[in-house]
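K.L.:
Supplied structure: target_15.tsv, TSV, C-alpha atoms.
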```tsv
chain	number	residue	atom	x	y	z
A	1	MET	CA	-61.56	193.53	269.47
A	2	LYS	CA	-61.36	194.81	265.92
A	3	ARG	CA	-65.13	194.51	265.86
A	4	TYR	CA	-65.19	196.80	268.87
A	5	LEU	CA	-63.43	199.66	267.10
A	6	ILE	CA	-65.41	199.06	263.95
A	7	VAL	CA	-68.63	199.36	265.91
A	8	MET	CA	-67.44	202.70	267.24
A	9	LEU	CA	-66.83	203.78	263.67
A	10	LEU	CA	-70.29	202.60	262.63
A	11	LEU	CA	-71.77	204.58	265.48
A	12	CYS	CA	-69.88	207.54	264.10
A	13	SER	CA	-71.51	206.99	260.75
A	14	SER	CA	-74.96	206.89	262.30
A	15	GLY	CA	-74.28	210.15	264.12
A	16	CYS	CA	-73.04	212.09	261.13
A	17	ALA	CA	-76.41	213.45	260.12
A	18	SER	CA	-77.02	214.98	263.53
A	19	GLY	CA	-73.73	216.89	263.64
A	20	GLY	CA	-72.30	214.83	266.47
A	21	THR	CA	-69.57	213.26	264.36
A	22	ARG	CA	-66.66	215.07	265.94
A	23	HIS	CA	-67.80	214.06	269.40
A	24	ILE	CA	-68.30	210.45	268.37
A	25	VAL	CA	-64.90	210.15	266.73
A	26	THR	CA	-63.50	211.60	269.95
A	27	VAL	CA	-64.93	208.56	271.71
A	28	THR	CA	-63.42	206.37	269.00
A	29	ALA	CA	-60.01	207.93	269.66
A	30	ALA	CA	-60.47	207.38	273.39
A	31	THR	CA	-61.41	203.77	272.70
A	32	ALA	CA	-58.27	203.24	270.65
A	33	ASP	CA	-56.20	204.83	273.41
A	34	VAL	CA	-57.67	202.58	276.09
A	35	VAL	CA	-57.29	199.45	273.94
A	36	LEU	CA	-53.64	200.17	273.14
A	37	SER	CA	-52.90	201.04	276.77
A	38	SER	CA	-54.50	197.82	278.01
A	39	VAL	CA	-52.51	195.79	275.49
A	40	GLN	CA	-49.26	197.53	276.47
A	41	ASP	CA	-49.80	196.98	280.20
A	42	THR	CA	-50.78	193.34	279.73
A	43	ALA	CA	-47.88	192.57	277.40
A	44	LYS	CA	-45.36	194.04	279.84
A	45	ALA	CA	-46.84	192.00	282.68
A	46	LEU	CA	-46.45	188.82	280.64
A	47	ILE	CA	-42.71	189.12	279.90
A	48	CYS	CA	-41.00	185.91	281.01
A	49	ALA	CA	-39.23	186.05	284.38
A	50	THR	CA	-40.91	189.24	285.49
A	51	PRO	CA	-42.79	189.12	288.82
A	52	ASN	CA	-46.24	187.52	288.46
A	53	ALA	CA	-45.65	186.53	284.81
A	54	PRO	CA	-46.89	183.05	283.90
A	55	PRO	CA	-44.34	180.33	283.14
A	56	PRO	CA	-43.44	179.35	279.55
A	57	PRO	CA	-45.03	178.87	277.13
A	58	ALA	CA	-47.65	181.39	278.33
A	59	CYS	CA	-45.14	184.17	278.99
A	60	ILE	CA	-43.68	186.45	276.33
A	61	PRO	CA	-39.95	185.99	275.67
A	62	PRO	CA	-38.14	189.31	276.25
A	63	GLU	CA	-36.78	189.33	272.70
A	64	VAL	CA	-40.28	188.95	271.25
A	65	HIS	CA	-41.53	191.77	273.44
A	66	ARG	CA	-38.64	194.00	272.43
A	67	THR	CA	-38.52	193.33	268.70
A	68	LYS	CA	-42.19	192.74	267.90
A	69	ILE	CA	-44.57	193.99	270.56
A	70	ALA	CA	-42.86	197.19	271.68
A	71	THR	CA	-42.08	198.15	268.10
A	72	GLU	CA	-45.67	197.63	267.05
A	73	LEU	CA	-47.03	199.50	270.07
A	74	SER	CA	-44.79	202.44	269.25
A	75	LYS	CA	-46.44	202.60	265.83
A	76	GLY	CA	-49.87	202.20	267.40
A	77	PHE	CA	-49.44	205.02	269.90
A	78	ASP	CA	-48.00	207.21	267.19
A	79	ALA	CA	-51.16	206.65	265.11
A	80	ASP	CA	-53.29	207.12	268.23
A	81	GLY	CA	-51.71	210.50	268.96
A	82	ARG	CA	-52.03	211.60	265.35
A	83	LEU	CA	-55.68	210.51	265.32
A	84	ALA	CA	-56.47	212.58	268.41
A	85	LYS	CA	-54.53	215.58	267.07
A	86	LEU	CA	-56.30	215.33	263.73
A	87	ILE	CA	-59.68	215.53	265.46
A	88	ARG	CA	-58.43	218.23	267.85
A	89	ASP	CA	-57.32	220.41	264.93
A	90	THR	CA	-60.63	220.04	263.08
A	91	PRO	CA	-63.20	222.76	263.85
A	92	ALA	CA	-66.59	221.49	264.99
A	93	THR	CA	-68.30	222.67	261.83
A	94	ALA	CA	-65.70	221.34	259.38
A	95	PRO	CA	-65.77	217.90	257.77
A	96	LEU	CA	-63.36	215.42	259.32
A	97	PRO	CA	-60.31	214.47	257.26
A	98	THR	CA	-60.57	211.21	255.35
A	99	THR	CA	-57.20	210.09	256.74
A	100	LEU	CA	-58.96	209.49	260.05
A	101	GLY	CA	-60.24	206.12	258.84
A	102	GLN	CA	-56.77	205.06	257.77
A	103	LEU	CA	-55.36	205.84	261.20
A	104	ILE	CA	-58.05	203.72	262.85
A	105	ASP	CA	-57.23	200.90	260.42
A	106	ASP	CA	-53.55	201.26	261.34
A	107	ILE	CA	-54.35	200.98	265.05
A	108	ASN	CA	-56.55	197.94	264.43
A	109	ALA	CA	-53.71	196.30	262.49
A	110	VAL	CA	-51.21	197.00	265.27
A	111	VAL	CA	-53.50	195.52	267.92
A	112	ALA	CA	-54.09	192.42	265.77
A	113	ARG	CA	-50.34	191.90	265.26
A	114	VAL	CA	-49.56	192.39	268.96
A	115	LEU	CA	-52.31	189.99	270.03
A	116	ALA	CA	-50.95	187.45	267.54
A	117	ALA	CA	-47.52	187.77	269.18
A	118	ILE	CA	-48.87	187.07	272.66
A	119	PRO	CA	-48.92	183.30	273.43
A	120	ASP	CA	-52.30	181.77	274.05
A	121	SER	CA	-53.10	181.61	277.74
A	122	SER	CA	-55.80	182.52	280.22
A	123	PHE	CA	-54.11	185.93	280.51
A	124	LYS	CA	-54.52	186.57	276.79
A	125	THR	CA	-58.12	185.38	276.91
A	126	THR	CA	-58.80	187.78	279.76
A	127	LEU	CA	-57.25	190.65	277.81
A	128	VAL	CA	-59.26	189.95	274.67
A	129	THR	CA	-62.45	189.65	276.71
A	130	LYS	CA	-61.66	192.94	278.45
A	131	LEU	CA	-61.29	194.57	275.05
A	132	GLY	CA	-64.69	193.36	273.99
A	133	GLY	CA	-63.43	190.76	271.54
A	134	SER	CA	-64.22	187.10	271.32
B	135	MET	CA	-64.64	219.01	283.83
B	136	ASP	CA	-60.92	218.26	283.82
B	137	PRO	CA	-59.45	216.04	281.06
B	138	ALA	CA	-58.84	213.04	283.30
B	139	ALA	CA	-62.40	213.11	284.60
B	140	TYR	CA	-63.80	213.44	281.13
B	141	LEU	CA	-61.64	210.62	279.84
B	142	ALA	CA	-62.88	208.49	282.73
B	143	ALA	CA	-66.44	209.35	281.73
B	144	LEU	CA	-65.69	208.35	278.15
B	145	GLN	CA	-64.27	205.08	279.36
B	146	GLY	CA	-67.47	204.50	281.26
B	147	TRP	CA	-69.38	205.11	278.10
B	148	MET	CA	-67.14	202.66	276.30
B	149	ALA	CA	-68.03	200.02	278.86
B	150	LEU	CA	-71.63	200.72	277.96
B	151	GLY	CA	-70.55	200.40	274.34
B	152	ASN	CA	-70.16	196.70	274.94
B	153	ILE	CA	-73.82	196.60	275.82
B	154	VAL	CA	-74.60	198.48	272.65
B	155	VAL	CA	-72.66	195.92	270.67
B	156	GLN	CA	-74.54	193.08	272.25
B	157	GLY	CA	-77.93	194.69	272.53
B	158	GLY	CA	-78.35	196.34	269.19
B	159	THR	CA	-79.04	199.98	268.53
B	160	ALA	CA	-81.90	200.69	270.96
B	161	LEU	CA	-79.61	201.74	273.76
B	162	TRP	CA	-77.55	203.78	271.34
B	163	THR	CA	-80.46	206.15	270.86
B	164	ASP	CA	-80.53	206.88	274.58
B	165	LEU	CA	-76.77	207.17	274.81
B	166	LYS	CA	-76.66	209.56	271.93
B	167	ALA	CA	-78.97	211.93	273.76
B	168	VAL	CA	-76.47	212.00	276.60
B	169	PHE	CA	-73.64	212.32	274.13
B	170	ASP	CA	-75.00	215.38	272.47
B	171	LYS	CA	-74.90	217.31	275.73
B	172	HIS	CA	-71.13	217.32	275.65
B	173	GLY	CA	-69.52	220.38	274.13
B	174	ILE	CA	-66.46	220.88	272.01
B	175	GLU	CA	-64.50	222.14	275.02
B	176	GLN	CA	-64.98	218.81	276.79
B	177	ASP	CA	-64.07	216.91	273.65
B	178	ASN	CA	-60.93	218.97	273.22
B	179	ALA	CA	-59.98	218.36	276.86
B	180	ALA	CA	-60.35	214.62	276.30
B	181	LEU	CA	-58.35	214.80	273.07
B	182	ASP	CA	-55.56	216.68	274.85
B	183	ALA	CA	-55.48	213.92	277.47
B	184	ILE	CA	-55.31	211.27	274.74
B	185	ILE	CA	-52.50	213.10	272.92
B	186	LEU	CA	-50.51	213.30	276.15
B	187	ASN	CA	-51.13	209.65	277.06
B	188	ALA	CA	-50.22	208.47	273.55
B	189	ALA	CA	-46.95	210.41	273.63
B	190	THR	CA	-46.05	209.05	277.06
B	191	ARG	CA	-46.84	205.48	276.12
B	192	LYS	CA	-45.08	205.74	272.74
B	193	ALA	CA	-41.97	206.88	274.60
B	194	GLN	CA	-42.30	203.85	276.88
B	195	ALA	CA	-42.70	201.54	273.87
B	196	ASP	CA	-39.62	203.09	272.25
B	197	ARG	CA	-37.60	202.47	275.42
B	198	ASP	CA	-38.88	198.89	275.55
B	199	ALA	CA	-37.94	198.38	271.90
B	200	VAL	CA	-34.29	199.15	272.62
B	201	GLY	CA	-34.28	197.10	275.79
B	202	GLY	CA	-34.49	200.03	278.16
```
Rewrite the structure from the file as structure tokens, please.

P.N.:
Amino acid sequence: MKRYLIVMLLLCSSGCASGGTRHIVTVTAATADVVLSSVQDTAKALICATPNAPPPPACIPPEVHRTKIATELSKGFDADGRLAKLIRDTPATAPLPTTLGQLIDDINAVVARVLAAIPDSSFKTTLVTKLGGS
Amino acid sequence: MDPAAYLAALQGWMALGNIVVQGGTALWTDLKAVFDKHGIEQDNAALDAIILNAATRKAQADRDAVGG
């Protein structure tokens, strides 16, 4: 999955010379938004004892979801919103702020930590596959 | 194009992005030509949609973090 966002960033680099950078980082921000949203929806669906959640050990204990996953996702969506706002506030002809890369790194780190907190199962495999990871 | 429709279009492109990842950069050249037709107004509409979605989902995560 991290590779997926990195590829988007590389595509951004390849587009810089043609002036399409702002548009391409917009797609990167949209990618981050979709990835985080997919992770949030999947994690909530996997909380133990919720309807359609798998049995232990494949489900996520409520305490783990509350203290680790939700907390991390809050940070991730905060970075996601700041990333989009940073691009939004940058005129098309202006260079993009260098902090943009740090925000993408922050989102990648959040997704990695959340995925690490989700127990291995076919549900997790499906999520990672959906995100373009391996 | 309204923000939701544009975001949906971006998500469609992202699905194609998987093909780009797997198939190298040849397809990227074609995609970029499509890309460049989008204007700053459409990008800003998409960014506004992302900002709104991120705020909504952060609020949900904050509620989840306190057991709400």

K.L.:
For chain A, which residues have at least one atom within 7 Å of chain B, if we go by all atoms listed in the file? Write them as a ChimeraX atom specification, please.

P.N.:
/A:20,23,26-27,30-31,33,66-67,70-71,73-74,77-78,80-81,84-85,88,132

K.L.:
The selected residues should be written to file as a compact mmCIF listing (two decimals), in the coordinates of the input (atoms: C-alpha atoms).

P.N.:
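And here's again06.txt as it stands now:
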```
# COMPACT_ATOMS: atom_id res chain seq x y z
CA GLY A 20 -72.30 214.83 266.47
CA HIS A 23 -67.80 214.06 269.40
CA THR A 26 -63.50 211.60 269.95
CA VAL A 27 -64.93 208.56 271.71
CA ALA A 30 -60.47 207.38 273.39
CA THR A 31 -61.41 203.77 272.70
CA ASP A 33 -56.20 204.83 273.41
CA ARG A 66 -38.64 194.00 272.43
CA THR A 67 -38.52 193.33 268.70
CA ALA A 70 -42.86 197.19 271.68
CA THR A 71 -42.08 198.15 268.10
CA LEU A 73 -47.03 199.50 270.07
CA SER A 74 -44.79 202.44 269.25
CA PHE A 77 -49.44 205.02 269.90
CA ASP A 78 -48.00 207.21 267.19
CA ASP A 80 -53.29 207.12 268.23
CA GLY A 81 -51.71 210.50 268.96
CA ALA A 84 -56.47 212.58 268.41
CA LYS A 85 -54.53 215.58 267.07
CA ARG A 88 -58.43 218.23 267.85
CA GLY A 132 -64.69 193.36 273.99
```

K.L.:
Hey, can you check how far CA of Ile60 (chain A) sits from CA of Ala45 (chain A)?

P.N.:
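Result for CA of Ile60 (chain A) versus CA of Ala45 (chain A): 9.0 Å, one decimal.
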
K.L.:
Find the distance between CA of Val110 (chain A) and CA of Thr28 (chain A) and write it in Å to one decimal.

P.N.:
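The value is 15.8 Å.
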
K.L.:
Report, in Å to a single decimal, how far apart CA of Lys44 (chain A) and CA of Pro56 (chain A) are.

P.N.:
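Computed distance, CA of Pro56 (chain A) to CA of Lys44 (chain A), equals 14.8 Å.
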
K.L.:
Could you tell me which of A:Val25, A:Pro54, A:Leu86, A:Leu103 comes closest to Thr42 (chain A) if we count all atoms listed in the file?

P.N.:
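The shortest atom-to-atom distance to Thr42 (chain A) comes from A:Pro54.
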
K.L.:
Mind checking which residues fall within 9 Å of Val114 (chain A), counting all atoms listed in the file, ignoring those fewer than 5 positions away in the same chain, and posting them as JSON, numbers by chain?

P.N.:
{"A": [39, 43, 68, 69, 70, 72, 73, 109]}

K.L.:
For Lys124 (chain A), which residue out of A:Asn108, A:Asn52, A:Thr98, A:Ser38 is the nearest one, using all atoms listed in the file?

P.N.:
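Under the stated criterion, the closest residue is A:Ser38.
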